[in-house]
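See below for input.txt, which holds compact mmCIF, C-alpha atoms and all ligand atoms.
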# COMPACT_ATOMS: atom_id res chain seq x y z
CA MET A 29 -29.19 -36.36 35.29
CA PHE A 30 -26.86 -34.12 33.28
CA ARG A 31 -29.26 -34.32 30.35
CA LEU A 32 -32.18 -33.26 32.60
CA ILE A 33 -30.23 -30.27 33.89
CA SER A 34 -29.27 -29.36 30.31
CA ILE A 35 -32.90 -29.51 29.18
CA ALA A 36 -33.99 -27.40 32.15
CA PHE A 37 -31.28 -24.86 31.34
CA LEU A 38 -32.32 -24.74 27.69
CA LEU A 39 -35.96 -24.26 28.66
CA PHE A 40 -34.98 -21.43 30.99
CA VAL A 41 -32.91 -19.72 28.30
CA CYS A 42 -35.58 -20.14 25.61
CA PHE A 43 -38.59 -19.37 27.83
CA PRO A 44 -37.42 -17.11 30.66
CA LEU A 45 -39.89 -16.35 33.39
CA PRO A 46 -41.65 -13.03 33.01
CA ARG A 47 -39.66 -10.31 34.75
CA ALA A 48 -42.49 -9.54 37.13
CA PHE A 49 -42.90 -13.14 38.24
CA GLY A 50 -41.80 -13.30 41.84
CA ALA A 51 -40.17 -9.89 41.48
CA GLU A 52 -39.41 -7.96 44.65
CA PRO A 53 -41.85 -5.14 45.31
CA VAL A 54 -40.44 -1.68 44.63
CA ARG A 55 -39.22 -0.20 47.90
CA LEU A 56 -40.76 3.26 47.78
CA ILE A 57 -40.58 6.44 49.83
CA LEU A 58 -43.18 9.07 48.98
CA ASP A 59 -42.20 12.69 49.61
CA THR A 60 -45.29 14.88 49.21
CA ASP A 61 -46.72 18.36 49.77
CA ILE A 62 -50.11 16.78 50.39
CA GLY A 63 -52.84 19.37 50.87
CA ASN A 64 -51.69 21.80 48.20
CA ASP A 65 -53.49 19.82 45.51
CA VAL A 66 -55.63 16.71 45.51
CA ASP A 67 -53.36 14.84 43.08
CA ASP A 68 -51.04 13.86 45.96
CA ALA A 69 -53.97 12.04 47.57
CA LEU A 70 -54.76 10.28 44.29
CA ALA A 71 -51.11 9.23 44.02
CA LEU A 72 -51.14 7.85 47.58
CA ALA A 73 -54.31 5.86 46.83
CA MET A 74 -52.61 4.42 43.72
CA ILE A 75 -49.65 3.29 45.79
CA HIS A 76 -51.95 1.39 48.14
CA ALA A 77 -53.63 -0.35 45.19
CA LEU A 78 -50.24 -1.39 43.84
CA GLN A 79 -49.17 -2.55 47.30
CA ASN A 80 -52.29 -4.75 47.37
CA ARG A 81 -50.77 -6.38 44.28
CA ALA A 82 -47.36 -6.72 45.95
CA GLU A 83 -45.78 -4.46 43.33
CA VAL A 84 -44.60 -1.90 45.85
CA ARG A 85 -43.80 -1.57 49.53
CA LEU A 86 -44.38 1.92 50.87
CA LEU A 87 -41.55 2.36 53.37
CA ALA A 88 -42.47 5.85 54.56
CA VAL A 89 -44.23 9.05 53.65
CA THR A 90 -42.44 12.34 54.26
CA ILE A 91 -44.23 15.65 53.95
CA THR A 92 -43.02 19.04 52.69
CA LYS A 93 -46.19 20.98 53.41
CA ASP A 94 -45.61 22.58 56.80
CA ASN A 95 -49.15 22.24 58.11
CA ARG A 96 -50.28 20.30 61.15
CA PHE A 97 -53.18 18.61 59.34
CA ALA A 98 -51.02 17.06 56.60
CA ALA A 99 -49.62 14.13 58.63
CA PRO A 100 -53.00 13.18 60.16
CA PHE A 101 -54.47 13.14 56.64
CA VAL A 102 -51.76 10.78 55.35
CA ASP A 103 -52.33 8.68 58.47
CA LEU A 104 -56.07 8.43 57.85
CA VAL A 105 -55.57 7.47 54.18
CA ASP A 106 -53.02 4.80 55.16
CA THR A 107 -55.42 3.56 57.84
CA PHE A 108 -58.33 3.50 55.38
CA TYR A 109 -56.27 1.19 53.18
CA GLY A 110 -55.33 -1.00 56.13
CA ARG A 111 -51.75 0.22 56.63
CA SER A 112 -51.77 2.41 59.70
CA ASP A 113 -48.19 1.41 60.50
CA ILE A 114 -46.48 3.26 57.63
CA PRO A 115 -44.03 5.78 59.15
CA ILE A 116 -44.78 9.44 58.48
CA GLY A 117 -42.26 12.29 58.74
CA VAL A 118 -42.91 16.03 58.68
CA VAL A 119 -40.96 19.08 57.60
CA HIS A 120 -40.01 21.71 60.17
CA LYS A 121 -39.84 25.36 59.10
CA GLY A 122 -41.01 24.40 55.64
CA LYS A 123 -43.10 25.98 52.88
CA THR A 124 -46.86 26.44 52.44
CA ARG A 125 -48.10 26.63 56.00
CA GLN A 126 -51.63 27.62 55.00
CA ASP A 127 -54.55 25.39 55.94
CA SER A 128 -56.32 23.33 53.33
CA PRO A 129 -59.94 22.10 53.66
CA MET A 130 -59.04 18.86 51.84
CA LEU A 131 -56.87 17.97 54.86
CA GLU A 132 -58.69 19.55 57.74
CA VAL A 133 -62.26 18.49 57.02
CA PRO A 134 -61.62 14.73 56.65
CA ASP A 135 -59.15 14.82 59.59
CA GLN A 136 -61.69 16.27 61.98
CA ARG A 137 -65.00 14.89 60.81
CA ARG A 138 -66.74 12.76 63.43
CA ASP A 139 -69.86 10.61 63.31
CA SER A 140 -72.90 10.97 65.57
CA SER A 141 -71.13 8.89 68.25
CA GLY A 142 -68.18 11.25 68.31
CA HIS A 143 -65.77 8.84 66.58
CA TYR A 144 -63.61 9.88 63.67
CA VAL A 145 -65.28 9.08 60.36
CA TYR A 146 -61.77 8.24 59.13
CA PRO A 147 -59.84 6.72 62.04
CA HIS A 148 -56.26 7.89 62.52
CA ARG A 149 -53.73 7.97 65.31
CA LEU A 150 -51.86 11.20 64.59
CA GLU A 151 -53.88 14.17 65.80
CA ASP A 152 -51.29 16.74 64.78
CA GLY A 153 -48.15 16.74 62.66
CA SER A 154 -46.09 17.69 65.71
CA GLN A 155 -46.57 14.10 66.93
CA ALA A 156 -44.65 12.75 63.90
CA PRO A 157 -40.85 12.53 63.55
CA GLU A 158 -38.94 15.11 61.54
CA ALA A 159 -38.66 14.09 57.88
CA VAL A 160 -34.86 13.99 57.43
CA GLU A 161 -34.46 12.01 60.64
CA LEU A 162 -37.03 9.50 59.36
CA LEU A 163 -35.51 9.34 55.85
CA THR A 164 -32.09 8.64 57.35
CA ARG A 165 -33.44 5.89 59.57
CA ILE A 166 -35.51 4.22 56.83
CA LEU A 167 -32.77 4.38 54.18
CA SER A 168 -30.16 3.01 56.59
CA ASP A 169 -32.26 -0.13 57.06
CA GLN A 170 -32.60 -0.91 53.34
CA PRO A 171 -30.38 -3.01 51.08
CA ASP A 172 -27.94 -1.02 48.95
CA HIS A 173 -29.30 0.53 45.72
CA SER A 174 -32.81 -0.73 46.45
CA VAL A 175 -34.95 2.33 47.19
CA THR A 176 -37.01 4.44 44.80
CA ILE A 177 -38.11 7.86 46.00
CA ALA A 178 -41.08 9.68 44.48
CA GLN A 179 -40.89 13.39 45.20
CA ILE A 180 -44.25 14.95 44.36
CA GLY A 181 -43.86 18.24 46.21
CA PHE A 182 -40.97 20.55 46.95
CA SER A 183 -37.33 19.52 47.34
CA THR A 184 -37.09 20.77 50.93
CA ASN A 185 -36.72 17.40 52.63
CA LEU A 186 -34.44 15.78 50.06
CA ALA A 187 -32.13 18.83 49.84
CA ARG A 188 -31.84 18.80 53.65
CA LEU A 189 -31.10 15.07 53.54
CA LEU A 190 -28.25 15.76 51.10
CA LYS A 191 -26.91 18.47 53.40
CA ALA A 192 -27.09 16.32 56.56
CA PRO A 193 -23.83 14.69 57.71
CA GLY A 194 -23.37 11.53 55.62
CA GLY A 195 -26.65 12.22 53.85
CA ARG A 196 -25.40 12.31 50.28
CA ASP A 197 -23.38 9.12 50.78
CA LEU A 198 -26.43 7.43 52.26
CA VAL A 199 -28.49 8.40 49.21
CA LEU A 200 -25.77 7.21 46.84
CA ARG A 201 -25.60 3.88 48.65
CA LYS A 202 -29.29 3.15 49.15
CA VAL A 203 -31.31 4.92 46.44
CA ARG A 204 -31.57 3.59 42.90
CA LEU A 205 -33.97 6.13 41.36
CA LEU A 206 -35.64 9.45 42.13
CA CYS A 207 -38.89 10.17 40.28
CA LEU A 208 -40.09 13.75 40.55
CA MET A 209 -43.16 15.67 39.58
CA ALA A 210 -41.31 18.88 38.86
CA GLY A 211 -40.49 21.33 36.12
CA ASN A 212 -41.80 22.02 32.66
CA PHE A 213 -40.01 20.46 29.70
CA GLU A 214 -42.32 21.78 27.03
CA LYS A 215 -42.37 25.51 27.77
CA PRO A 216 -39.98 27.80 29.67
CA GLU A 217 -42.55 28.48 32.38
CA PRO A 218 -41.98 28.21 36.16
CA GLU A 219 -43.55 25.18 37.81
CA TYR A 220 -45.04 25.21 41.33
CA ASN A 221 -42.95 22.45 42.94
CA ILE A 222 -39.79 24.22 41.78
CA TYR A 223 -40.59 27.88 42.37
CA THR A 224 -42.11 27.32 45.83
CA ASP A 225 -38.71 26.27 47.21
CA PRO A 226 -36.21 27.17 44.46
CA ASP A 227 -33.14 27.05 46.70
CA SER A 228 -33.83 23.44 47.64
CA ALA A 229 -34.66 22.53 44.03
CA LYS A 230 -31.42 24.08 42.80
CA PHE A 231 -29.36 22.24 45.41
CA LEU A 232 -31.09 18.94 44.64
CA LEU A 233 -30.52 19.33 40.88
CA GLN A 234 -26.84 20.03 41.46
CA GLN A 235 -26.14 17.41 44.12
CA TRP A 236 -28.52 14.45 43.81
CA PRO A 237 -26.29 11.47 42.99
CA THR A 238 -28.67 8.92 41.41
CA PRO A 239 -30.67 8.74 38.17
CA MET A 240 -33.70 11.06 38.11
CA ILE A 241 -36.87 10.90 36.03
CA PHE A 242 -39.03 14.01 35.83
CA SER A 243 -42.73 14.16 35.11
CA GLY A 244 -43.11 17.75 33.99
CA PHE A 245 -46.12 20.01 34.29
CA GLU A 246 -47.09 19.24 30.72
CA VAL A 247 -47.57 15.50 31.40
CA GLY A 248 -50.12 15.69 34.23
CA LEU A 249 -51.87 18.50 32.41
CA VAL A 250 -52.95 16.19 29.58
CA VAL A 251 -53.42 13.11 31.79
CA THR A 252 -56.39 14.47 33.68
CA PHE A 253 -58.22 12.54 36.38
CA PRO A 254 -61.79 11.84 35.22
CA TYR A 255 -64.46 13.32 37.48
CA GLN A 256 -66.72 10.48 36.38
CA SER A 257 -64.42 8.13 38.26
CA ILE A 258 -64.79 10.18 41.47
CA GLU A 259 -68.55 9.99 41.09
CA LYS A 260 -68.83 6.29 40.29
CA ASP A 261 -65.72 4.30 41.19
CA PHE A 262 -65.35 5.50 44.80
CA ALA A 263 -68.99 4.84 45.68
CA TYR A 264 -68.24 1.41 47.17
CA THR A 265 -68.26 2.97 50.63
CA ASP A 266 -70.33 5.73 52.21
CA ASN A 267 -67.31 7.77 53.21
CA HIS A 268 -64.20 7.79 51.06
CA PRO A 269 -61.33 10.09 52.04
CA ILE A 270 -59.99 10.42 48.50
CA ALA A 271 -63.34 11.27 46.94
CA GLU A 272 -64.08 13.67 49.78
CA ALA A 273 -60.70 15.37 49.34
CA TYR A 274 -61.36 15.68 45.59
CA HIS A 275 -64.71 17.37 46.20
CA LEU A 276 -63.21 19.70 48.81
CA TYR A 277 -60.29 20.70 46.61
CA VAL A 278 -61.71 20.82 43.09
CA GLN A 279 -65.19 21.98 44.19
CA LYS A 280 -66.60 21.51 40.70
CA PRO A 281 -67.66 18.44 38.74
CA GLU A 282 -64.64 18.59 36.47
CA ASP A 283 -61.59 16.58 35.48
CA HIS A 284 -58.41 17.67 37.24
CA PRO A 285 -54.77 17.34 36.14
CA ALA A 286 -53.11 14.15 37.41
CA TRP A 287 -49.58 15.48 37.85
CA ASP A 288 -48.40 13.43 40.83
CA PRO A 289 -49.93 10.07 39.83
CA THR A 290 -47.83 10.09 36.63
CA ALA A 291 -44.58 10.35 38.61
CA VAL A 292 -45.70 7.58 40.99
CA LEU A 293 -46.74 5.32 38.10
CA GLU A 294 -43.29 5.70 36.54
CA ALA A 295 -41.65 5.03 39.92
CA ILE A 296 -43.45 1.71 40.39
CA ARG A 297 -43.94 0.50 36.81
CA PRO A 298 -41.04 2.01 34.89
CA ASP A 299 -40.85 -0.64 32.16
CA ARG A 300 -44.39 -0.86 30.82
CA GLY A 301 -44.23 1.72 28.05
CA TYR A 302 -46.83 4.03 29.55
CA PHE A 303 -44.63 6.97 28.59
CA ASP A 304 -41.69 7.66 26.30
CA LEU A 305 -38.46 8.88 27.88
CA SER A 306 -36.20 11.68 26.76
CA GLY A 307 -32.53 10.98 26.23
CA PRO A 308 -30.15 11.57 29.14
CA GLY A 309 -29.20 15.07 30.19
CA ASP A 310 -28.86 17.59 32.98
CA VAL A 311 -31.60 19.73 34.49
CA SER A 312 -30.78 23.15 35.86
CA LEU A 313 -32.72 26.24 36.84
CA GLY A 314 -33.09 29.03 34.30
CA PRO A 315 -34.57 32.54 34.53
CA LYS A 316 -37.55 32.82 36.93
CA ASN A 317 -36.84 29.30 38.20
CA THR A 318 -37.75 27.58 34.97
CA THR A 319 -36.24 24.15 34.32
CA VAL A 320 -33.65 23.88 31.56
CA PHE A 321 -32.83 20.46 30.11
CA THR A 322 -29.41 20.12 28.49
CA PRO A 323 -28.74 16.85 26.62
CA ASN A 324 -25.68 15.04 27.92
CA PRO A 325 -24.86 11.34 27.33
CA GLN A 326 -23.48 11.15 30.89
CA GLY A 327 -26.40 13.10 32.41
CA LYS A 328 -28.46 11.59 35.23
CA CYS A 329 -31.80 13.12 34.21
CA ARG A 330 -34.55 12.09 31.84
CA TYR A 331 -38.10 13.36 31.50
CA LEU A 332 -41.37 11.68 30.60
CA ILE A 333 -43.03 12.27 27.27
CA CYS A 334 -46.71 11.39 26.98
CA LYS A 335 -47.73 11.23 23.33
CA PRO A 336 -51.39 11.74 22.39
CA ASP A 337 -51.88 8.02 21.75
CA GLN A 338 -50.53 7.18 25.25
CA VAL A 339 -52.80 9.53 27.20
CA GLY A 340 -55.96 7.40 27.25
CA ARG A 341 -54.20 4.30 28.58
CA VAL A 342 -52.43 6.18 31.39
CA ARG A 343 -55.55 8.13 32.31
CA GLU A 344 -57.72 5.02 32.61
CA LEU A 345 -55.06 3.12 34.55
CA ILE A 346 -54.57 5.91 37.08
CA ALA A 347 -58.33 6.17 37.64
CA THR A 348 -58.66 2.40 38.02
CA LEU A 349 -55.78 2.12 40.50
CA ALA A 350 -56.68 5.18 42.57
CA SER A 351 -60.24 3.94 43.01
CA GLU A 352 -59.36 0.33 43.82
CA PRO A 353 -61.00 -0.72 47.11
CA PRO A 354 -58.84 -1.62 50.11
CA MET A 355 -58.17 -5.28 50.79
CA LEU A 356 -60.94 -6.05 53.26
CA SER A 357 -58.91 -8.44 55.37
CA SER A 358 -56.48 -5.71 56.38
CA SER A 359 -58.60 -2.61 56.12
CA SER A 360 -60.36 -0.48 58.67
CA VAL A 361 -63.28 -0.26 56.28
CA ASN A 362 -65.81 -2.69 57.68
CA ALA A 363 -67.59 -4.93 55.27
CA HIS A 364 -70.98 -3.72 56.45
CA ARG A 365 -70.09 -0.17 55.50
CA MET A 366 -69.29 -1.18 51.96
CA ILE A 367 -72.07 -0.85 49.44
CA PHE A 368 -72.32 -4.09 47.51
CA CA B 1 -47.91 17.49 45.03
Starting from the file, give its structure as structure tokens.
Ligand SMILES: [Ca+2]
Amino acid sequence: MFRLISIAFLLFVCFPLPRAFGAEPVRLILDTDIGNDVDDALALAMIHALQNRAEVRLLAVTITKDNRFAAPFVDLVDTFYGRSDIPIGVVHKGKTRQDSPMLEVPDQRRDSSGHYVYPHRLEDGSQAPEAVELLTRILSDQPDHSVTIAQIGFSTNLARLLKAPGGRDLVLRKVRLLCLMAGNFEKPEPEYNIYTDPDSAKFLLQQWPTPMIFSGFEVGLVVTFPYQSIEKDFAYTDNHPIAEAYHLYVQKPEDHPAWDPTAVLEAIRPDRGYFDLSGPGDVSLGPKNTTVFTPNPQGKCRYLICKPDQVGRVRELIATLASEPPMLSSSSVNAHRMIF
């Protein structure tokens, strides 16, 4: 018996199981300014594809775009992929209130019978809980140091979470990693997610207590989303909310930067070598709300580097994942509507 156990132990040491085998899905919260660019929608579609593969569990989506059509749009995308029960939280008194056709048109489009083309339960963001309240509730229910947050919009919600009573301690206890699409680590130029709410960004950079990985402007700029994929890979159904949003936002048959999908890819698959990582350091705001990276062995921040020979792999993977069909067994997309 002892010999058998010894052999089994030796086999385990010599041939360990692959890390991903039986691994727990990444517990993810997505914080997004969905509606200000279509790349948030592409990132959300990617998450659903990776949840189909049990690599991630989307715990909640919180929104930093203060527009009433944003939450219904997230709801309809989640419903399209068969997950209408994912909690959605909205910002109050937030930034970028302006309407966006990529949200409003799919939200409101109805078929000849008067039914929504893309079913959803939320009619208006005011029906959703406030984001910090939802973040607090969701984080409190998770095991310690288990949650990854992908922030692909402004820092409004996460800065408010840090300022809430017990908020920073809750983050320190529950969150293991924050991945952000934010900043520019190639040129001293202001980046949208930072300069739209610089006070929140500054507070977050000073106070966030866990490791942070930034996907800067320069990464998504070279990892563009191929228009050819929108044309061909989403054609498995007559009406696709992601393809429709792309057409409404980009309006031209052209490739579009894939900023947010790069941050989400790093959040869910951090150990696959898709990108290189900078050394550790601190990120602070410089003149005109630029991001300044200062190397520091004890620093909590790193940023992604996408070398020319890494671009093609990441680009193809993002397109493949974002266009992956829903799992039919759990989806609202009926088989007869699919084009096979
Ligand atoms: Ca975004």
With 3 Å on each side, where is the centre of the axis-aligned box around all listed atoms of stretch 256-275 of chain A, and how long are its edges in Å to one decimal, as AutoDock Vina command-line options?
--center_x -65.2 --center_y 9.4 --center_z 44.8 --size_x 16.3 --size_y 22.0 --size_z 22.8
Using all atoms listed in the file: which of A:Ser306, A:Met209, A:Ala99, A:Val160 has the shortest distance to ligand CA 1 (chain B):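 Checking each candidate against ligand CA 1 (chain B), we get A:Met209 as the closest.
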Choose the residue, out of A:Leu232, A:Val247, A:Val342, A:Leu78, that has the smallest atom-to-atom separation from A:Lys215; count only C-alpha atoms.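 The answer is A:Val247, which sits nearest to A:Lys215.
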For a test of reading the model, state the distance in Å between atom CA of ligand CA 1 (chain B) and atom CA of A:Asp68, rounded to one decimal.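 Atom CA of ligand CA 1 (chain B) sits 4.9 Å away from atom CA of A:Asp68.
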At most 6 Å from ligand CA 1 (chain B) (all atoms listed in the file): residue list as a PDB file with C-alpha atoms, keeping the file's coordinate frame:
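Output below, filename pocket.pdb:
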ATOM      1  CA  THR A  60     -45.290  14.880  49.210  1.00  0.00           C
ATOM      2  CA  ASP A  61     -46.720  18.360  49.770  1.00  0.00           C
ATOM      3  CA  ILE A  62     -50.110  16.780  50.390  1.00  0.00           C
ATOM      4  CA  ASP A  68     -51.040  13.860  45.960  1.00  0.00           C
ATOM      5  CA  ILE A 180     -44.250  14.950  44.360  1.00  0.00           C
ATOM      6  CA  GLY A 181     -43.860  18.240  46.210  1.00  0.00           C
ATOM      7  CA  ASP A 288     -48.400  13.430  40.830  1.00  0.00           C
TER       8      ASP A 288
END
Exercise: stretch 325-338 of chain A partners within 9 Å, all atoms listed in the file, chain neighbours under 3 positions left out, as a ChimeraX atom specification: /A:213,237-244,246-247,250-251,290-291,294,301-311,321-322,341-343
Residues near A:Thr90, anyone? I mean within 6 Å using only C-alpha atoms, not counting same-chain ones fewer than 4 positions away, as a PyMOL selection string. chain A and resi 59+116-118+159
Residues as selected, C-alpha atoms, written as a PDB file, in the frame of the given file, can you do that?
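Saved file again.pdb follows:
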ATOM      1  CA  ASP A  59     -42.200  12.690  49.610  1.00  0.00           C
ATOM      2  CA  ILE A 116     -44.780   9.440  58.480  1.00  0.00           C
ATOM      3  CA  GLY A 117     -42.260  12.290  58.740  1.00  0.00           C
ATOM      4  CA  VAL A 118     -42.910  16.030  58.680  1.00  0.00           C
ATOM      5  CA  ALA A 159     -38.660  14.090  57.880  1.00  0.00           C
TER       6      ALA A 159
END
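The residue that comes closest to A:Ala229, out of A:Asn317, A:Gln279, A:Ser257, A:Ser140 and on the basis of all atoms listed in the file, is A:Asn317.
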If you measure from atom CA of A:Arg55 to atom CA of A:Glu219, what distance in Å do you get, rounded to one decimal?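 Atom-to-atom, atom CA of A:Arg55 and atom CA of A:Glu219 are spaced 27.7 Å apart.
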Long-range neighbours of A:Val84 as a ChimeraX atom specification, 10 Å cut-off, only C-alpha atoms, 4 positions minimum in chain: /A:52-56,75-80,176,295-297
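With distances restricted to only C-alpha atoms, A:Val105 is the closest residue to A:Ala73 from A:Val105, A:Leu150, A:Val278, A:Leu163.
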List the residues sitting within 9 Å of (-55.2, 12.7, 54.3) in the file's frame, using all atoms listed in the file, as a ChimeraX atom specification. /A:62-63,69,97-106,130-132,134-135,269-270,273
Which value, in Å to one decimal, gives the distance between atom CA of A:Glu344 and atom CA of A:Pro254?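 Computed distance, atom CA of A:Glu344 to atom CA of A:Pro254, equals 8.4 Å.
All residues of protein, DNA or RNA that reach within 9 Å of A:Tyr277, judged by all atoms listed in the file and not counting those fewer than 3 positions away in the chain, are Gly63, Asn64, Asp65, Val66, Ser128, Pro129, Met130, Glu272, Ala273, Tyr274 and Lys280 of chain A.
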Counting all atoms listed in the file, the residue among A:Asn185, A:Ser174, A:Gln179, A:Ser312 that lies closest to A:Ala210 is A:Gln179
So, counting only C-alpha atoms, which residue among A:Tyr146, A:Asp197, A:Lys230, A:Ala71 is closest to A:Leu345?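 The shortest atom-to-atom distance to A:Leu345 comes from A:Ala71.
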For a cut-off of 12 Å around (-64.8, 9.3, 63.2), file coordinates, pick out all residues using all atoms listed in the file and list them as a PDB file with C-alpha atoms, in the coordinates of the input.
ATOM      1  CA  LEU A 104     -56.070   8.430  57.850  1.00  0.00           C
ATOM      2  CA  PHE A 108     -58.330   3.500  55.380  1.00  0.00           C
ATOM      3  CA  VAL A 133     -62.260  18.490  57.020  1.00  0.00           C
ATOM      4  CA  PRO A 134     -61.620  14.730  56.650  1.00  0.00           C
ATOM      5  CA  ASP A 135     -59.150  14.820  59.590  1.00  0.00           C
ATOM      6  CA  GLN A 136     -61.690  16.270  61.980  1.00  0.00           C
ATOM      7  CA  ARG A 137     -65.000  14.890  60.810  1.00  0.00           C
ATOM      8  CA  ARG A 138     -66.740  12.760  63.430  1.00  0.00           C
ATOM      9  CA  ASP A 139     -69.860  10.610  63.310  1.00  0.00           C
ATOM     10  CA  SER A 140     -72.900  10.970  65.570  1.00  0.00           C
ATOM     11  CA  SER A 141     -71.130   8.890  68.250  1.00  0.00           C
ATOM     12  CA  GLY A 142     -68.180  11.250  68.310  1.00  0.00           C
ATOM     13  CA  HIS A 143     -65.770   8.840  66.580  1.00  0.00           C
ATOM     14  CA  TYR A 144     -63.610   9.880  63.670  1.00  0.00           C
ATOM     15  CA  VAL A 145     -65.280   9.080  60.360  1.00  0.00           C
ATOM     16  CA  TYR A 146     -61.770   8.240  59.130  1.00  0.00           C
ATOM     17  CA  PRO A 147     -59.840   6.720  62.040  1.00  0.00           C
ATOM     18  CA  HIS A 148     -56.260   7.890  62.520  1.00  0.00           C
ATOM     19  CA  ARG A 149     -53.730   7.970  65.310  1.00  0.00           C
ATOM     20  CA  ASN A 267     -67.310   7.770  53.210  1.00  0.00           C
ATOM     21  CA  PRO A 269     -61.330  10.090  52.040  1.00  0.00           C
ATOM     22  CA  SER A 360     -60.360  -0.480  58.670  1.00  0.00           C
ATOM     23  CA  VAL A 361     -63.280  -0.260  56.280  1.00  0.00           C
TER      24      VAL A 361
END
